[in-house]
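K.L.:
One structure follows; several queries about it will come next.
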Amino acid sequence: QVQLVESGGGLVQPGGSLRLSCAASGFTFSRYALSWYRQALGKERELVAASTRAGGSRNYADSVKGRFTISRDNAKNTVYLQMNSLKPEDTAVYYCNAHYYGYEYWGQGTQVTVSS
């Protein structure tokens with residue numbers, strides 16, 4: 001059974017940091033490109049960060065460049081999103097995504113709230 005389970009969300013003050021984790025099972029993790037998306041209340045889901053299969057290439061939304069870092073550990077079947085200098089506009093449900101040609105999987109999401 002394919003599973004992507006996010007963790008690490010929560011409430012943080014502006015300027016703070018969080019690290020999200022997404023643990024995968026049920027598929028060959030190393031073959032898949034991995035991404036983090038987010039969806040704020042009333043808005044469409046947007047791509048935040050993406051990593052190629054080997055992790056050698058990473059892309060970020062302009063709004064998070066220099067603050068967020070995506071990384072993956074293929075030995076642990078886990079992808080991470082380190083989020084620094086958080087802003088209230090980063091508040092959203094964050095989802096991890098794995099895709100490989102016609103195969104695509106989503107996690108259930110984890111809430112991140114940035115507020116004082």
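Letters for chains follow the order of the structure tokens (A, B, ...), residue numbers begin at 1 for each chain, and ligand numbers begin at 1 in the order shown.
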Looking only at strand (DSSP E or B) from DSSP on the backbone, list the matching residues of region 5-108 of chain A as a PyMOL selection string.

P.N.:
chain A and resi 5-7+10-12+18-25+33-39+46-51+58-60+68-73+78-83+92-100+103-106

K.L.:
Env of Leu81 (chain A): 12 Å cut, atoms = only C-alpha atoms, seq-sep filter 3 positions within chain, self excluded. Answer as a PyMOL selection string.

P.N.:
chain A and resi 6-9+17-23+34-38+48-51+58+60+64+67-73+78+84+94-96+110+112

K.L.:
Name the closest residue to Thr91 (chain A) among the candidates A:Thr113, A:Thr28, A:Ser57, A:Gln13; distances are taken between atoms, counting only C-alpha atoms.

P.N.:
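Closest residue, counting only C-alpha atoms: A:Thr113.
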
K.L.:
Quick one: residues within 7 Å of Gln3 (chain A), only C-alpha atoms counted, chain neighbours fewer than 6 positions away excluded, as a PyMOL selection string?

P.N.:
chain A and resi 24-26
